[in-house]
file data_34.txt (compact mmCIF, C-alpha atoms)
# COMPACT_ATOMS: atom_id res chain seq x y z
CA MET A 1 173.07 82.76 93.42
CA PRO A 2 172.91 79.08 94.42
CA ASP A 3 171.00 76.75 92.16
CA GLN A 4 168.42 75.67 94.73
CA ILE A 5 167.42 79.30 95.34
CA LYS A 6 166.93 79.85 91.60
CA ARG A 7 164.70 76.80 91.39
CA LEU A 8 162.73 77.99 94.41
CA LEU A 9 162.33 81.43 92.84
CA VAL A 10 160.92 79.91 89.65
CA ALA A 11 158.44 77.86 91.67
CA PHE A 12 157.54 80.95 93.67
CA VAL A 13 156.88 83.01 90.53
CA ILE A 14 154.71 80.22 89.09
CA PHE A 15 152.64 79.99 92.28
CA LEU A 16 152.24 83.76 92.39
CA ALA A 17 151.06 83.81 88.77
CA ILE A 18 148.52 81.05 89.46
CA PHE A 19 147.31 82.91 92.55
CA LEU A 20 146.87 86.19 90.68
CA LEU A 21 145.09 84.49 87.79
CA ALA A 22 142.72 82.64 90.14
CA ARG A 23 142.04 85.84 92.04
CA PHE A 24 141.29 87.70 88.80
CA LEU A 25 138.91 84.98 87.62
CA LEU A 26 137.11 84.36 90.92
CA ILE A 27 136.43 87.86 92.20
CA PRO A 28 133.35 89.46 90.56
CA GLU A 29 133.86 92.66 88.66
CA SER A 30 131.96 94.99 90.95
CA PHE A 31 133.27 93.48 94.20
CA GLY A 32 134.72 96.13 96.46
CA GLU A 33 133.35 99.15 94.60
CA LEU A 34 131.25 100.25 97.58
CA GLY A 35 132.55 97.95 100.30
CA HIS A 36 133.35 94.32 100.95
CA TYR A 37 130.53 93.07 98.70
CA ARG A 38 129.38 92.88 95.09
CA ALA A 39 127.99 96.32 94.23
CA GLU A 40 125.79 94.82 91.48
CA ALA A 41 123.90 92.87 94.14
CA ILE A 42 122.08 96.10 94.99
CA ASP A 43 120.69 96.22 91.43
CA ASP A 44 119.75 92.52 91.65
CA VAL A 45 117.68 93.14 94.76
CA SER A 46 116.12 96.31 93.29
CA ALA A 47 114.89 94.28 90.33
CA TYR A 48 112.65 91.94 92.36
CA PRO A 49 109.06 91.93 91.03
CA LEU A 50 106.43 94.08 92.71
CA LYS A 51 103.19 92.55 93.97
CA HIS A 52 101.37 95.32 95.86
CA ALA A 53 100.09 98.22 93.78
CA GLY A 54 99.17 100.66 96.53
CA SER A 55 95.74 102.17 97.19
CA GLU A 56 96.34 105.00 94.73
CA ALA A 57 96.28 102.48 91.87
CA CYS A 58 92.91 101.12 93.08
CA LYS A 59 91.40 104.60 93.13
CA GLU A 60 92.06 105.05 89.42
CA CYS A 61 89.26 102.63 88.49
CA HIS A 62 87.15 102.01 91.60
CA ASN A 63 85.70 105.48 92.14
CA ASP A 64 82.47 104.09 93.52
CA VAL A 65 84.29 102.25 96.30
CA VAL A 66 86.37 105.32 97.13
CA GLU A 67 83.14 107.22 97.67
CA GLU A 68 81.70 104.46 99.87
CA LEU A 69 84.86 104.41 101.92
CA SER A 70 84.92 108.16 102.42
CA TYR A 71 81.75 108.05 104.57
CA GLY A 72 83.08 105.66 107.19
CA PHE A 73 85.79 104.65 109.57
CA HIS A 74 87.62 102.54 107.00
CA ALA A 75 88.48 105.50 104.77
CA ASP A 76 92.19 105.40 105.57
CA LEU A 77 92.70 101.67 105.29
CA ALA A 78 94.82 100.22 102.51
CA CYS A 79 92.71 98.27 100.03
CA GLU A 80 95.30 95.52 99.79
CA GLY A 81 95.20 94.86 103.53
CA CYS A 82 91.94 92.94 103.03
CA HIS A 83 91.91 92.27 99.29
CA GLY A 84 95.49 91.06 98.84
CA PRO A 85 98.26 92.17 96.47
CA ALA A 86 96.74 93.81 93.40
CA LEU A 87 99.48 94.88 91.02
CA ARG A 88 98.78 92.23 88.36
CA HIS A 89 95.04 92.84 88.74
CA ALA A 90 95.59 96.58 88.22
CA MET A 91 97.92 96.17 85.22
CA TYR A 92 95.73 93.65 83.48
CA SER A 93 92.39 95.33 84.05
CA GLU A 94 93.42 98.41 82.08
CA MET A 95 93.06 96.54 78.83
CA ALA A 96 90.87 93.65 79.91
CA ASP A 97 87.30 92.87 79.06
CA PRO A 98 85.50 91.82 82.22
CA GLU A 99 83.96 88.69 80.69
CA ASN A 100 87.28 87.08 79.88
CA TYR A 101 88.96 88.28 83.02
CA PRO A 102 90.86 85.29 84.45
CA ASP A 103 89.88 84.07 87.90
CA SER A 104 93.52 83.95 88.95
CA LEU A 105 93.71 87.74 88.84
CA LYS A 106 90.55 88.26 90.86
CA LEU A 107 91.25 89.69 94.28
CA LEU A 108 90.25 88.29 97.64
CA ARG A 109 86.80 89.22 98.95
CA PRO A 110 87.03 88.01 102.54
CA VAL A 111 83.62 87.81 104.24
CA GLU A 112 84.31 85.38 107.10
CA ARG A 113 83.96 86.36 110.73
CA GLU A 114 87.68 85.61 111.24
CA THR A 115 88.68 88.41 108.86
CA CYS A 116 86.83 91.05 110.85
CA ALA A 117 88.01 89.46 114.10
CA ARG A 118 91.63 90.10 113.18
CA CYS A 119 91.12 93.75 114.06
CA HIS A 120 87.83 93.87 115.96
CA ASP A 121 87.79 90.85 118.28
CA LEU A 122 87.83 91.75 121.96
CA ASN A 123 91.40 91.34 123.21
CA ALA A 124 93.14 92.78 126.25
CA SER A 125 96.21 93.54 124.12
CA ARG A 126 94.16 95.79 121.90
CA VAL A 127 92.23 97.87 124.42
CA LYS A 128 94.57 100.59 125.52
CA ILE A 129 93.72 104.23 125.37
CA THR A 130 96.65 106.29 126.53
CA GLY A 131 96.13 110.01 126.37
CA ASP A 132 96.16 111.70 123.01
CA SER A 133 99.05 109.74 121.55
CA THR A 134 96.88 107.23 119.76
CA ASP A 135 93.61 106.80 117.97
CA ILE A 136 93.30 103.16 119.01
CA SER A 137 89.97 103.93 120.66
CA MET A 138 88.57 104.22 117.16
CA VAL A 139 89.01 100.49 116.56
CA HIS A 140 85.68 99.11 117.67
CA MET A 141 85.85 95.98 119.83
CA VAL A 142 83.26 93.22 119.96
CA ASN A 143 83.39 89.70 121.30
CA VAL A 144 83.22 87.94 117.96
CA ASN A 145 82.38 84.61 119.60
CA GLU A 146 79.25 85.97 121.26
CA HIS A 147 78.10 89.00 119.28
CA ASN A 148 74.96 87.94 117.30
CA HIS A 149 76.20 84.40 117.07
CA PHE A 150 73.24 82.98 115.13
CA VAL A 151 73.55 79.74 113.23
CA PHE A 152 71.50 79.27 110.06
CA ASP A 153 69.48 76.06 110.27
CA GLU A 154 69.60 75.27 106.55
CA THR A 155 73.34 75.59 106.01
CA ASN A 156 74.58 75.21 109.59
CA GLU A 157 76.69 78.35 109.04
CA ILE A 158 77.25 81.18 111.50
CA ILE A 159 75.84 84.51 110.42
CA ARG A 160 78.58 86.64 108.88
CA CYS A 161 79.48 90.13 110.06
CA VAL A 162 78.84 91.52 106.58
CA GLU A 163 75.14 90.53 106.73
CA CYS A 164 74.58 93.56 108.98
CA HIS A 165 77.76 95.66 108.66
CA PHE A 166 78.91 97.15 105.39
CA SER A 167 82.64 96.55 105.48
CA HIS A 168 83.60 99.47 103.24
CA SER A 169 81.72 101.93 105.38
CA PRO A 170 80.92 100.45 108.78
CA MET B 171 176.76 95.11 139.63
CA LYS B 172 173.40 93.52 140.04
CA ARG B 173 171.93 96.77 141.35
CA ASN B 174 173.14 98.69 138.25
CA GLU B 175 171.55 96.21 135.91
CA GLU B 176 168.22 96.50 137.70
CA LYS B 177 168.40 100.27 137.53
CA SER B 178 169.00 100.34 133.81
CA ASN B 179 166.19 97.83 133.31
CA ARG B 180 163.76 100.06 135.14
CA ARG B 181 164.87 103.04 133.05
CA THR B 182 164.37 101.15 129.78
CA PHE B 183 160.97 99.95 130.95
CA LEU B 184 159.82 103.46 131.80
CA LYS B 185 161.19 104.86 128.53
CA THR B 186 159.39 102.22 126.48
CA GLY B 187 156.20 102.70 128.46
CA VAL B 188 156.18 106.45 127.96
CA ALA B 189 156.96 106.01 124.24
CA ILE B 190 154.03 103.60 123.78
CA ALA B 191 151.62 105.83 125.72
CA GLY B 192 152.73 108.87 123.72
CA GLY B 193 152.34 106.92 120.50
CA VAL B 194 148.78 105.90 121.39
CA VAL B 195 147.84 109.49 122.21
CA ALA B 196 149.40 110.73 118.97
CA ALA B 197 147.63 108.01 116.95
CA THR B 198 144.28 108.96 118.53
CA LEU B 199 144.82 112.57 117.54
CA VAL B 200 145.67 111.63 113.96
CA LYS B 201 142.73 109.19 113.56
CA PRO B 202 140.10 109.56 116.29
CA PHE B 203 138.27 106.47 117.58
CA THR B 204 135.01 106.19 115.63
CA GLY B 205 133.74 102.90 117.05
CA VAL B 206 130.55 104.38 118.46
CA VAL B 207 128.39 105.59 115.62
CA LEU B 208 124.89 106.88 116.17
CA ALA B 209 122.29 105.83 113.64
CA THR B 210 120.93 109.36 113.48
CA GLU B 211 124.37 110.69 112.65
CA LYS B 212 124.39 111.77 109.04
CA PRO B 213 126.63 109.42 107.06
CA SER B 214 129.00 110.83 104.50
CA GLY B 215 127.49 111.42 101.07
CA ASP B 216 124.25 113.04 99.97
CA HIS B 217 121.85 110.10 99.94
CA PRO B 218 118.95 108.81 102.04
CA TRP B 219 119.53 106.89 105.28
CA TYR B 220 116.45 104.73 105.69
CA GLY B 221 114.99 103.91 109.08
CA ILE B 222 111.84 102.44 110.58
CA GLY B 223 109.51 103.57 113.34
CA ILE B 224 107.02 101.27 115.06
CA ASP B 225 104.39 102.62 117.43
CA ILE B 226 103.51 99.77 119.78
CA GLU B 227 100.61 101.79 121.21
CA LYS B 228 98.93 101.74 117.81
CA CYS B 229 99.49 98.10 116.87
CA ILE B 230 96.26 96.10 117.04
CA GLY B 231 97.81 92.77 116.07
CA CYS B 232 95.86 92.20 112.87
CA GLY B 233 98.85 90.51 111.20
CA ASN B 234 98.42 92.37 107.91
CA CYS B 235 102.14 93.21 107.89
CA ALA B 236 103.25 89.61 108.27
CA SER B 237 100.92 88.30 105.57
CA ALA B 238 101.68 91.17 103.14
CA CYS B 239 105.39 90.43 103.53
CA LYS B 240 104.86 86.80 102.59
CA MET B 241 102.78 87.81 99.57
CA GLU B 242 105.19 90.49 98.33
CA ASN B 243 108.36 88.47 98.80
CA PRO B 244 109.27 84.83 98.13
CA VAL B 245 109.04 83.78 101.78
CA PRO B 246 108.12 80.09 102.35
CA ALA B 247 104.57 79.57 103.59
CA GLU B 248 105.47 77.37 106.59
CA PRO B 249 104.63 78.99 109.93
CA PHE B 250 108.27 79.24 111.00
CA TYR B 251 109.76 81.26 108.14
CA PHE B 252 109.24 84.98 108.58
CA ARG B 253 110.84 88.21 107.48
CA ASN B 254 108.53 90.07 109.83
CA TRP B 255 106.07 88.90 112.44
CA VAL B 256 104.03 90.13 115.42
CA GLU B 257 104.37 88.95 119.01
CA GLN B 258 101.70 89.21 121.67
CA TYR B 259 103.14 89.94 125.12
CA THR B 260 100.95 89.32 128.16
CA VAL B 261 102.24 90.23 131.61
CA LYS B 262 100.22 88.47 134.32
CA ASN B 263 99.48 89.83 137.76
CA ASP B 264 102.09 87.50 139.27
CA GLY B 265 104.76 89.00 136.99
CA THR B 266 105.21 86.14 134.57
CA VAL B 267 105.34 87.04 130.90
CA LYS B 268 103.74 85.02 128.14
CA VAL B 269 104.82 85.62 124.56
CA GLU B 270 102.73 84.20 121.74
CA SER B 271 103.04 84.42 117.99
CA PRO B 272 100.74 81.90 116.29
CA ASN B 273 101.84 81.73 112.63
CA GLY B 274 103.69 85.01 113.14
CA GLY B 275 100.40 86.81 113.69
CA ILE B 276 98.98 85.97 110.26
CA GLY B 277 95.25 85.47 110.82
CA GLY B 278 95.16 87.47 114.03
CA PHE B 279 95.53 86.72 117.73
CA LYS B 280 93.42 85.25 120.47
CA GLN B 281 94.00 86.14 124.10
CA THR B 282 94.49 82.82 125.90
CA ILE B 283 94.79 84.26 129.39
CA PRO B 284 91.62 85.27 131.25
CA ASP B 285 91.19 89.03 131.63
CA GLU B 286 91.29 89.02 135.46
CA GLU B 287 94.82 87.54 135.43
CA ILE B 288 96.24 90.11 133.00
CA PHE B 289 98.27 93.02 134.31
CA LYS B 290 99.08 94.39 130.88
CA SER B 291 99.23 93.13 127.32
CA PHE B 292 100.42 94.49 124.02
CA PHE B 293 101.61 93.57 120.52
CA VAL B 294 105.18 94.00 119.30
CA PRO B 295 105.82 93.82 115.55
CA LYS B 296 109.31 92.51 114.86
CA MET B 297 111.46 92.75 111.75
CA CYS B 298 115.06 93.34 110.69
CA ASN B 299 116.45 96.35 112.55
CA HIS B 300 118.74 97.27 109.62
CA CYS B 301 121.55 97.99 112.06
CA ALA B 302 124.22 100.53 111.16
CA LYS B 303 126.82 98.23 112.72
CA SER B 304 125.19 94.93 111.89
CA PRO B 305 126.75 91.83 113.46
CA CYS B 306 125.37 89.69 110.61
CA SER B 307 127.38 91.43 107.90
CA GLN B 308 130.48 91.52 110.11
CA VAL B 309 130.59 87.72 110.42
CA CYS B 310 129.89 86.88 106.76
CA PRO B 311 133.03 85.11 105.48
CA VAL B 312 132.42 85.89 101.79
CA GLY B 313 130.91 89.37 101.77
CA ALA B 314 127.46 88.15 100.74
CA THR B 315 125.58 90.30 103.24
CA PHE B 316 126.19 94.00 103.52
CA GLU B 317 124.81 97.42 104.34
CA THR B 318 123.96 99.53 101.30
CA PRO B 319 125.03 103.20 101.27
CA ASP B 320 121.41 104.15 102.09
CA GLY B 321 121.39 102.02 105.22
CA VAL B 322 119.56 98.85 104.19
CA ASN B 323 120.97 95.47 105.10
CA LEU B 324 120.79 93.12 102.11
CA ILE B 325 121.89 89.65 101.01
CA ASP B 326 123.62 88.86 97.74
CA LYS B 327 121.89 85.54 97.11
CA SER B 328 124.15 84.58 94.22
CA TYR B 329 127.17 84.96 96.48
CA CYS B 330 125.88 83.44 99.74
CA ILE B 331 127.40 80.05 100.54
CA GLY B 332 124.71 79.17 103.09
CA CYS B 333 127.03 78.72 106.06
CA GLY B 334 124.51 80.28 108.43
CA TYR B 335 126.95 82.29 110.58
CA CYS B 336 124.82 85.40 110.14
CA ILE B 337 121.73 83.56 111.44
CA GLN B 338 123.57 82.95 114.70
CA ALA B 339 125.04 86.44 114.79
CA CYS B 340 121.74 88.33 114.48
CA PRO B 341 120.60 89.15 118.03
CA TYR B 342 117.05 89.82 116.83
CA GLY B 343 116.46 86.46 115.11
CA CYS B 344 115.59 88.09 111.81
CA ARG B 345 117.31 85.63 109.45
CA TYR B 346 116.50 82.11 108.34
CA MET B 347 117.85 79.50 105.94
CA HIS B 348 115.64 79.33 102.85
CA PRO B 349 114.59 75.67 102.54
CA THR B 350 114.72 75.43 98.74
CA GLU B 351 117.26 78.09 97.74
CA LYS B 352 119.68 76.90 100.47
CA VAL B 353 120.82 80.44 101.10
CA VAL B 354 120.03 82.84 103.92
CA ASP B 355 116.98 85.07 103.54
CA LYS B 356 115.90 88.19 105.41
CA CYS B 357 113.93 91.44 105.22
CA THR B 358 115.13 93.72 102.41
CA LEU B 359 112.96 96.62 103.63
CA CYS B 360 111.28 95.92 100.26
CA TYR B 361 114.28 97.49 98.54
CA HIS B 362 112.63 96.87 95.16
CA ARG B 363 109.68 99.03 96.30
CA ILE B 364 111.44 101.87 98.12
CA LYS B 365 113.78 102.39 95.14
CA LYS B 366 110.63 103.01 93.03
CA GLY B 367 109.23 105.46 95.57
CA LEU B 368 106.69 103.02 97.04
CA LEU B 369 106.29 102.05 100.68
CA PRO B 370 107.48 98.62 101.82
CA ALA B 371 104.58 96.13 101.74
CA CYS B 372 104.15 95.89 105.52
CA PHE B 373 103.98 99.68 105.85
CA GLU B 374 101.54 99.85 102.94
CA VAL B 375 98.89 97.61 104.53
CA CYS B 376 99.13 98.66 108.20
CA PRO B 377 95.59 99.83 109.12
CA THR B 378 96.54 102.03 112.09
CA ASN B 379 99.75 103.60 110.75
CA ALA B 380 101.68 101.90 113.52
CA ARG B 381 104.61 101.62 111.11
CA ILE B 382 106.47 104.68 109.92
CA PHE B 383 109.00 104.48 107.11
CA GLY B 384 111.32 107.34 106.32
CA ASP B 385 114.67 108.89 105.65
CA LEU B 386 116.67 109.76 108.78
CA ASN B 387 118.68 112.27 106.74
CA ASP B 388 115.58 114.28 105.83
CA PRO B 389 114.58 116.53 108.75
CA GLY B 390 111.03 116.81 107.39
CA SER B 391 110.36 113.08 106.94
CA ASP B 392 107.58 111.33 108.84
CA LEU B 393 110.12 109.19 110.64
CA VAL B 394 112.20 112.07 111.97
CA LEU B 395 109.03 113.79 113.19
CA PHE B 396 107.88 110.52 114.81
CA ILE B 397 111.18 110.17 116.66
CA LYS B 398 110.99 113.80 117.78
CA ASP B 399 107.42 113.36 118.99
CA HIS B 400 107.82 110.13 120.95
CA SER B 401 110.26 108.71 123.45
CA CYS B 402 111.61 105.92 121.31
CA ARG B 403 113.83 103.02 122.30
CA PHE B 404 115.79 100.34 120.49
CA LEU B 405 115.77 96.60 121.09
CA LYS B 406 118.93 95.41 122.91
CA PRO B 407 120.79 98.74 122.81
CA HIS B 408 123.58 97.32 125.03
CA LEU B 409 124.81 95.22 122.08
CA ASN B 410 125.83 98.41 120.23
CA THR B 411 124.44 97.16 116.94
CA VAL B 412 123.03 100.66 116.34
CA PRO B 413 119.57 99.56 115.12
CA LYS B 414 117.58 101.91 112.92
CA LEU B 415 114.22 100.53 114.12
CA TYR B 416 112.75 102.98 116.63
CA TYR B 417 110.04 101.60 118.93
CA ASN B 418 107.64 103.89 120.72
CA ALA B 419 106.31 102.56 124.05
CA LEU B 420 108.71 99.62 124.12
CA GLU B 421 108.22 97.84 127.43
CA GLU B 422 110.97 96.37 129.57
CA GLU B 423 109.62 92.84 129.10
CA VAL B 424 110.26 92.83 125.34
CA ARG B 425 113.28 90.79 124.28
call {"tool": "encode", "arguments": {"input": "data_34.txt", "output": "structure tokens"}}
result
Amino acid sequence: MPDQIKRLLVAFVIFLAIFLLARFLLIPESFGELGHYRAEAIDDVSAYPLKHAGSEACKECHNDVVEELSYGFHADLACEGCHGPALRHAMYSEMADPENYPDSLKLLRPVERETCARCHDLNASRVKITGDSTDISMVHMVNVNEHNHFVFDETNEIIRCVECHFSHSP
Amino acid sequence: MKRNEEKSNRRTFLKTGVAIAGGVVAATLVKPFTGVVLATEKPSGDHPWYGIGIDIEKCIGCGNCASACKMENPVPAEPFYFRNWVEQYTVKNDGTVKVESPNGGIGGFKQTIPDEEIFKSFFVPKMCNHCAKSPCSQVCPVGATFETPDGVNLIDKSYCIGCGYCIQACPYGCRYMHPTEKVVDKCTLCYHRIKKGLLPACFEVCPTNARIFGDLNDPGSDLVLFIKDHSCRFLKPHLNTVPKLYYNALEEEVR
């Protein structure tokens, strides 16, 4: 074998060794187990923290509200749709004393007209009753800008929906 | 002499042609072409195959889904970063279509067009379609985005290099560059919730049950019954991305 070929072979072997070493060091362990990705990434994503507890968790403590809800049209609504994510509130309250309960874990209690308007404001996109395929007719529509639009003189505030309507059981 | 050469050339050409054609036929028999996969087709293995149903007839555009998503997941608060959002379509009498999505629907909608000009109007909730043949994971140069065995399209944030190819590849506009993490972010179908047996946040808070989550492999799941019950359509079916988001009452104007 000519000398130059031998020298080339040595160089080739060295490059191959460097390539294999780099490949071994750079590719994560679980890469390619399930496909062209890192299989451990699935566990990483599964471990993200939860924020919403689900209405079942609310029912464990707030029996009185469950009863209120059961009388009205809002019985099937998720608590967290209006009150916000409640997992930390639910975990903490199990052992908490109400007096020292931190404000940061208190849930939203939205009472503004805008909150009700999100579902109940008159809107052509919302009014559509098509046969028996939907219960959309159950969502009551009012023109939030006109309906009982009184302004209190003392505070210059518009009367809120909840002054007349009980939001848990409308 | 010249004639003979031509003749033999023709013969060789025909022989080669027949050999190639026969080879293609034989190869097809050995390994059939499986390019067209249907999302409802049961994938190999005994695991769930998650899908989504959205009933446009039931959506009232309250925006609970969009705000719950931002509260459950680390989505930036700016009004142009969304993992899911709601669009309000209004078709006027003259045929023009107006699409609005103020802050993705968070805080509700107002109809800006007077009633007498409206021919029809409806809300369309949008989110990742979790395609079975997702273009976004096909273009990723490092394997940072992928489809899990149970049919959810995820991002490996520690592996993403932030090149943004997938953002351009997604025909549904469901990906964005996270401004602080500098990697791509998208809907995970709340993978951390569904793996614990909970509903994804947007499905949890929907007041009219316009969103249906379920396992396409389970013939008794809510989603399979929903698809059976309604005439569902996909968004952009001609792209053959095989979405697993089934829309009921999807109108032609929706893009």
call {"tool": "atom_distance", "arguments": {"input": "data_34.txt", "atom1": "atom CA of Ile27 of chain A", "atom2": "atom CA of Ile331 of chain B"}}
result
14.6 Å
call {"tool": "closest_residue", "arguments": {"input": "data_34.txt", "among": "A:Val162, A:Ala57, A:Val142, A:Leu8", "to": "Ala124 of chain A", "atoms": "only C-alpha atoms"}}
result
A:Val142
call {"tool": "interface_residues", "arguments": {"input": "data_34.txt", "of": "chain A", "to": "chain B", "cutoff": "6 Å", "atoms": "all atoms listed in the file", "output": "number ranges by chain"}}
result
A: 36-37, 41, 46-48, 51, 77-78, 81, 118-119, 123, 125-126, 136
call {"tool": "atom_distance", "arguments": {"input": "data_34.txt", "atom1": "atom CA of Ala53 of chain A", "atom2": "atom CA of Leu87 of chain A"}}
result
4.4 Å
call {"tool": "residues_around", "arguments": {"input": "data_34.txt", "residues": "Trp219 of chain B", "least_positions_apart": "4", "cutoff": "6 Å", "atoms": "only C-alpha atoms", "output": "list of chain:residue names"}}
result
B:Asp320, B:Gly321, B:Asp385, B:Leu386, B:Asn387
call {"tool": "atom_distance", "arguments": {"input": "data_34.txt", "atom1": "atom CA of Ala236 of chain B", "atom2": "atom CA of Asn418 of chain B"}}
result
19.4 Å
call {"tool": "residues_near_point", "arguments": {"input": "data_34.txt", "point": "(105.5, 84.3, 124.2)", "cutoff": "10 Å", "atoms": "all atoms listed in the file", "output": "list in words"}}
result
Glu257, Gln258, Tyr259, Thr260, Val267, Lys268, Val269, Glu270, Ser271, Pro272 and Val424 of chain B
call {"tool": "residues_near_point", "arguments": {"input": "data_34.txt", "point": "(115.7, 82.2, 101.1)", "cutoff": "12 Å", "atoms": "all atoms listed in the file", "output": "ChimeraX atom specification"}}
result
/B:240,243-247,251-253,325-328,330-332,334,345-358
call {"tool": "residues_around", "arguments": {"input": "data_34.txt", "residues": "Ile222 of chain B", "least_positions_apart": "3", "cutoff": "6 Å", "atoms": "only C-alpha atoms", "output": "list in words"}}
result
Ile382, Phe383 and Leu415 of chain B
call {"tool": "axis_aligned_box", "arguments": {"input": "data_34.txt", "around": "segment 371-381 of chain B", "padding_each_side": "4 Å", "output": "AutoDock Vina command-line options"}}
result
--center_x 100.1 --center_y 99.7 --center_z 107.6 --size_x 17.0 --size_y 15.7 --size_z 19.8
call {"tool": "closest_residue", "arguments": {"input": "data_34.txt", "among": "A:Glu146, A:Phe152, A:Leu26, A:Ala90", "to": "Glu60 of chain A", "atoms": "all atoms listed in the file"}}
result
A:Ala90
call {"tool": "closest_residue", "arguments": {"input": "data_34.txt", "among": "A:Leu105, A:Val66, A:Leu9, A:Val45", "to": "Pro85 of chain A", "atoms": "only C-alpha atoms"}}
result
A:Leu105
call {"tool": "decode", "arguments": {"input": "data_34.txt", "residues": "segment 218-224 of chain B", "atoms": "all heavy atoms", "output": "PDB file, in the first residue's frame"}}
result
ATOM      1  N   PRO B 218     -54.749   5.534  23.619  1.00  0.00           N
ATOM      2  CA  PRO B 218     -55.722   6.503  23.117  1.00  0.00           C
ATOM      3  C   PRO B 218     -55.213   7.271  21.901  1.00  0.00           C
ATOM      4  O   PRO B 218     -54.004   7.275  21.615  1.00  0.00           O
ATOM      5  CB  PRO B 218     -55.926   7.445  24.297  1.00  0.00           C
ATOM      6  CG  PRO B 218     -55.015   7.051  25.360  1.00  0.00           C
ATOM      7  CD  PRO B 218     -54.257   5.847  24.952  1.00  0.00           C
ATOM      8  N   TRP B 219     -56.114   7.891  21.192  1.00  0.00           N
ATOM      9  CA  TRP B 219     -55.805   8.674  19.993  1.00  0.00           C
ATOM     10  C   TRP B 219     -56.688   9.910  20.101  1.00  0.00           C
ATOM     11  O   TRP B 219     -57.829   9.900  19.677  1.00  0.00           O
ATOM     12  CB  TRP B 219     -56.130   7.825  18.764  1.00  0.00           C
ATOM     13  CG  TRP B 219     -55.800   8.397  17.432  1.00  0.00           C
ATOM     14  CD1 TRP B 219     -56.695   8.644  16.423  1.00  0.00           C
ATOM     15  CD2 TRP B 219     -54.517   8.737  16.911  1.00  0.00           C
ATOM     16  NE1 TRP B 219     -56.036   9.125  15.331  1.00  0.00           N
ATOM     17  CE2 TRP B 219     -54.696   9.195  15.593  1.00  0.00           C
ATOM     18  CE3 TRP B 219     -53.228   8.709  17.430  1.00  0.00           C
ATOM     19  CZ2 TRP B 219     -53.637   9.619  14.804  1.00  0.00           C
ATOM     20  CZ3 TRP B 219     -52.181   9.125  16.643  1.00  0.00           C
ATOM     21  CH2 TRP B 219     -52.388   9.567  15.340  1.00  0.00           C
ATOM     22  N   TYR B 220     -56.128  10.947  20.783  1.00  0.00           N
ATOM     23  CA  TYR B 220     -56.951  12.069  21.198  1.00  0.00           C
ATOM     24  C   TYR B 220     -57.372  12.948  20.026  1.00  0.00           C
ATOM     25  O   TYR B 220     -56.594  13.189  19.105  1.00  0.00           O
ATOM     26  CB  TYR B 220     -56.208  12.925  22.227  1.00  0.00           C
ATOM     27  CG  TYR B 220     -55.950  12.193  23.511  1.00  0.00           C
ATOM     28  CD1 TYR B 220     -54.667  11.985  23.973  1.00  0.00           C
ATOM     29  CD2 TYR B 220     -57.015  11.687  24.262  1.00  0.00           C
ATOM     30  CE1 TYR B 220     -54.425  11.298  25.154  1.00  0.00           C
ATOM     31  CE2 TYR B 220     -56.785  11.003  25.437  1.00  0.00           C
ATOM     32  CZ  TYR B 220     -55.493  10.816  25.877  1.00  0.00           C
ATOM     33  OH  TYR B 220     -55.266  10.127  27.033  1.00  0.00           O
ATOM     34  N   GLY B 221     -58.589  13.422  20.087  1.00  0.00           N
ATOM     35  CA  GLY B 221     -59.120  14.341  19.087  1.00  0.00           C
ATOM     36  C   GLY B 221     -59.976  15.395  19.761  1.00  0.00           C
ATOM     37  O   GLY B 221     -60.201  15.373  20.970  1.00  0.00           O
ATOM     38  N   ILE B 222     -60.461  16.330  18.948  1.00  0.00           N
ATOM     39  CA  ILE B 222     -61.212  17.474  19.448  1.00  0.00           C
ATOM     40  C   ILE B 222     -62.456  17.642  18.575  1.00  0.00           C
ATOM     41  O   ILE B 222     -62.384  17.465  17.366  1.00  0.00           O
ATOM     42  CB  ILE B 222     -60.363  18.762  19.349  1.00  0.00           C
ATOM     43  CG1 ILE B 222     -59.014  18.587  20.023  1.00  0.00           C
ATOM     44  CG2 ILE B 222     -61.109  19.958  19.909  1.00  0.00           C
ATOM     45  CD1 ILE B 222     -57.918  19.382  19.362  1.00  0.00           C
ATOM     46  N   GLY B 223     -63.568  17.986  19.206  1.00  0.00           N
ATOM     47  CA  GLY B 223     -64.746  18.370  18.440  1.00  0.00           C
ATOM     48  C   GLY B 223     -65.172  19.764  18.857  1.00  0.00           C
ATOM     49  O   GLY B 223     -65.124  20.094  20.044  1.00  0.00           O
ATOM     50  N   ILE B 224     -65.533  20.604  17.894  1.00  0.00           N
ATOM     51  CA  ILE B 224     -66.033  21.940  18.219  1.00  0.00           C
ATOM     52  C   ILE B 224     -67.351  22.148  17.486  1.00  0.00           C
ATOM     53  O   ILE B 224     -67.431  21.966  16.269  1.00  0.00           O
ATOM     54  CB  ILE B 224     -65.012  23.034  17.842  1.00  0.00           C
ATOM     55  CG1 ILE B 224     -63.788  22.953  18.766  1.00  0.00           C
ATOM     56  CG2 ILE B 224     -65.649  24.417  17.953  1.00  0.00           C
ATOM     57  CD1 ILE B 224     -62.749  24.015  18.528  1.00  0.00           C
TER      58      ILE B 224
END
